[in-house]
Amino acid sequence: MADLQILMVNFTINGNHYTHGYYLADGIYPKWSTLVQCYRQPPAGEMGRSYSYFNSKQIELRKDVELAFGILKRKFAIICGTYHGLSAREMHKTMLTCIIMHNMVIQETRRNKDWNNHQDEDLRPEILPARGLPARKYAQMTSHIKSGTLYNRLREDLRANMWTGFGRDGGRIE
């Protein structure tokens, strides 16, 4: 159970408690409880406004994340490899390390104009996926992640929460 605690996050939305984080995804990904997608066909009329608002914000934020992650993937080969066998803590530390190193390169580039920043070059070597590494609590985690009920509940809770907090007044924050 100690290994599972590392993977857990705790947050509550609309009175529902969640123990796993989530990613913003587009429609090509499966409907899993850790992937939040837009609504394909929001309802029409007044009720549909909250769905449209959710979709627009989800797309906006997802594109920001994809852009940032794309930059990191071009610079750091470790991000492109498979993470089987790494704990959530190890994955978190790896990502933070890459983000910190990226920020250091940006700072050095601004300070020293002779610094050669290979910003648009793909410097990664060929990555071959690792095979046969053990996955901790694989069956339990897979069942939870693939839960259609959790997928629908999380997306609905996020939509309702966003609409209540920001959508009704046109997104203005007082």
# chains A, B, ... in the order shown; residues from 1 in each chain; ligands from 1
call {"tool": "residues_around", "arguments": {"residues": "Thr97 of chain A", "least_positions_apart": "6", "cutoff": "12 Å", "atoms": "only C-alpha atoms", "output": "mmCIF file with N, CA, C and O atoms, in the first residue's frame"}}
result
data_model
loop_
_atom_site.group_PDB
_atom_site.id
_atom_site.type_symbol
_atom_site.label_atom_id
_atom_site.label_comp_id
_atom_site.auth_asym_id
_atom_site.auth_seq_id
_atom_site.Cartn_x
_atom_site.Cartn_y
_atom_site.Cartn_z
ATOM 1 N N LEU A 72 9.975 20.214 -24.283
ATOM 2 C CA LEU A 72 10.765 19.350 -23.406
ATOM 3 C C LEU A 72 11.114 18.026 -24.088
ATOM 4 O O LEU A 72 12.225 17.517 -23.931
ATOM 5 N N PHE A 76 14.947 16.587 -24.261
ATOM 6 C CA PHE A 76 15.345 15.583 -23.280
ATOM 7 C C PHE A 76 14.787 14.210 -23.659
ATOM 8 O O PHE A 76 13.594 13.959 -23.546
ATOM 9 N N ILE A 78 14.916 11.408 -22.182
ATOM 10 C CA ILE A 78 14.335 10.611 -21.099
ATOM 11 C C ILE A 78 12.818 10.755 -21.041
ATOM 12 O O ILE A 78 12.111 9.844 -20.636
ATOM 13 N N ILE A 79 12.287 11.869 -21.473
ATOM 14 C CA ILE A 79 10.842 12.100 -21.441
ATOM 15 C C ILE A 79 10.130 11.228 -22.467
ATOM 16 O O ILE A 79 8.978 10.850 -22.285
ATOM 17 N N GLU A 90 9.461 9.090 -8.925
ATOM 18 C CA GLU A 90 10.584 9.142 -9.867
ATOM 19 C C GLU A 90 10.201 9.878 -11.143
ATOM 20 O O GLU A 90 10.993 10.654 -11.678
ATOM 21 N N MET A 91 8.982 9.653 -11.654
ATOM 22 C CA MET A 91 8.516 10.366 -12.839
ATOM 23 C C MET A 91 8.437 11.860 -12.557
ATOM 24 O O MET A 91 8.844 12.683 -13.382
ATOM 25 N N ASN A 103 14.728 25.673 -18.077
ATOM 26 C CA ASN A 103 14.739 27.056 -17.604
ATOM 27 C C ASN A 103 16.159 27.594 -17.466
ATOM 28 O O ASN A 103 16.414 28.769 -17.741
ATOM 29 N N MET A 104 17.101 26.739 -17.066
ATOM 30 C CA MET A 104 18.494 27.161 -16.976
ATOM 31 C C MET A 104 19.038 27.513 -18.357
ATOM 32 O O MET A 104 19.768 28.497 -18.511
#
call {"tool": "select_by_dssp", "arguments": {"residues": "segment 9-71 of chain A", "states": "alpha helix (DSSP H)", "output": "number ranges by chain"}}
result
A: 45-71
call {"tool": "residues_around", "arguments": {"residues": "segment 17-24 of chain A", "least_positions_apart": "2", "cutoff": "8 Å", "atoms": "only C-alpha atoms", "output": "PyMOL selection string"}}
result
chain A and resi 7-13+15+26+33-37+58+61-62
call {"tool": "closest_residue", "arguments": {"among": "A:Ser52, A:Thr164, A:Thr94, A:Ser147", "to": "Lys31 of chain A", "atoms": "only C-alpha atoms"}}
result
A:Ser147
call {"tool": "atom_distance", "arguments": {"atom1": "atom CA of Gln140 of chain A", "atom2": "atom CA of Asn152 of chain A"}}
result
19.2 Å
call {"tool": "closest_residue", "arguments": {"among": "A:Pro42, A:Ala25, A:Met47, A:Gly165", "to": "Glu60 of chain A", "atoms": "only C-alpha atoms"}}
result
A:Ala25
call {"tool": "residues_around", "arguments": {"residues": "Arg49 of chain A", "least_positions_apart": "4", "cutoff": "9 Å", "atoms": "only C-alpha atoms", "output": "number ranges by chain"}}
result
A: 42-45, 53-54, 163, 167-168
call {"tool": "write_last_selection", "arguments": {"atoms": "all heavy atoms", "output": "short mmCIF file (atom, residue, chain, number, x, y, z; two decimals), in the first residue's frame"}}
result
data_model
loop_
_atom_site.label_atom_id
_atom_site.label_comp_id
_atom_site.auth_asym_id
_atom_site.auth_seq_id
_atom_site.Cartn_x
_atom_site.Cartn_y
_atom_site.Cartn_z
N PRO A 42 -22.10 18.97 -27.43
CA PRO A 42 -22.74 19.61 -26.28
C PRO A 42 -24.22 19.84 -26.54
O PRO A 42 -24.63 20.02 -27.68
CB PRO A 42 -22.00 20.95 -26.16
CG PRO A 42 -20.78 20.82 -26.98
CD PRO A 42 -21.06 19.79 -28.01
N PRO A 43 -25.04 19.82 -25.50
CA PRO A 43 -26.46 20.09 -25.68
C PRO A 43 -26.67 21.51 -26.22
O PRO A 43 -25.84 22.39 -26.02
CB PRO A 43 -27.05 19.97 -24.27
CG PRO A 43 -25.98 19.43 -23.41
CD PRO A 43 -24.69 19.53 -24.13
N ALA A 44 -27.78 21.71 -26.87
CA ALA A 44 -28.10 23.03 -27.43
C ALA A 44 -28.73 23.91 -26.37
O ALA A 44 -29.13 23.45 -25.30
CB ALA A 44 -29.05 22.87 -28.62
N GLY A 45 -28.84 25.19 -26.67
CA GLY A 45 -29.55 26.12 -25.80
C GLY A 45 -28.74 26.55 -24.61
O GLY A 45 -27.52 26.45 -24.57
N TYR A 53 -18.37 26.30 -22.92
CA TYR A 53 -17.36 27.00 -22.14
C TYR A 53 -16.28 26.02 -21.68
O TYR A 53 -15.08 26.30 -21.80
CB TYR A 53 -18.01 27.69 -20.93
CG TYR A 53 -17.03 28.45 -20.08
CD1 TYR A 53 -16.56 29.69 -20.49
CD2 TYR A 53 -16.59 27.94 -18.87
CE1 TYR A 53 -15.64 30.39 -19.72
CE2 TYR A 53 -15.68 28.63 -18.09
CZ TYR A 53 -15.22 29.86 -18.51
OH TYR A 53 -14.31 30.55 -17.75
N PHE A 54 -16.70 24.88 -21.17
CA PHE A 54 -15.75 23.85 -20.75
C PHE A 54 -14.86 23.45 -21.92
O PHE A 54 -13.63 23.39 -21.79
CB PHE A 54 -16.49 22.62 -20.20
CG PHE A 54 -15.58 21.47 -19.89
CD1 PHE A 54 -14.93 21.41 -18.67
CD2 PHE A 54 -15.35 20.47 -20.82
CE1 PHE A 54 -14.07 20.36 -18.38
CE2 PHE A 54 -14.50 19.42 -20.54
CZ PHE A 54 -13.86 19.37 -19.31
N TRP A 163 -18.07 26.16 -14.74
CA TRP A 163 -19.21 27.01 -15.08
C TRP A 163 -19.66 27.83 -13.87
O TRP A 163 -19.90 29.03 -13.97
CB TRP A 163 -20.35 26.18 -15.63
CG TRP A 163 -21.52 26.98 -16.10
CD1 TRP A 163 -22.76 27.01 -15.56
CD2 TRP A 163 -21.55 27.88 -17.21
NE1 TRP A 163 -23.57 27.87 -16.26
CE2 TRP A 163 -22.85 28.42 -17.28
CE3 TRP A 163 -20.60 28.29 -18.14
CZ2 TRP A 163 -23.23 29.34 -18.26
CZ3 TRP A 163 -20.98 29.20 -19.12
CH2 TRP A 163 -22.28 29.72 -19.16
N GLY A 167 -17.80 30.63 -15.63
CA GLY A 167 -18.53 30.70 -16.88
C GLY A 167 -19.74 31.60 -16.89
O GLY A 167 -19.99 32.28 -17.87
N ARG A 168 -20.50 31.61 -15.84
CA ARG A 168 -21.76 32.37 -15.83
C ARG A 168 -21.55 33.86 -16.01
O ARG A 168 -22.37 34.53 -16.59
CB ARG A 168 -22.51 32.12 -14.53
CG ARG A 168 -23.10 30.74 -14.50
CD ARG A 168 -24.05 30.57 -13.35
NE ARG A 168 -24.57 29.22 -13.38
CZ ARG A 168 -24.84 28.50 -12.34
NH1 ARG A 168 -24.67 29.01 -11.13
NH2 ARG A 168 -25.29 27.28 -12.45
#
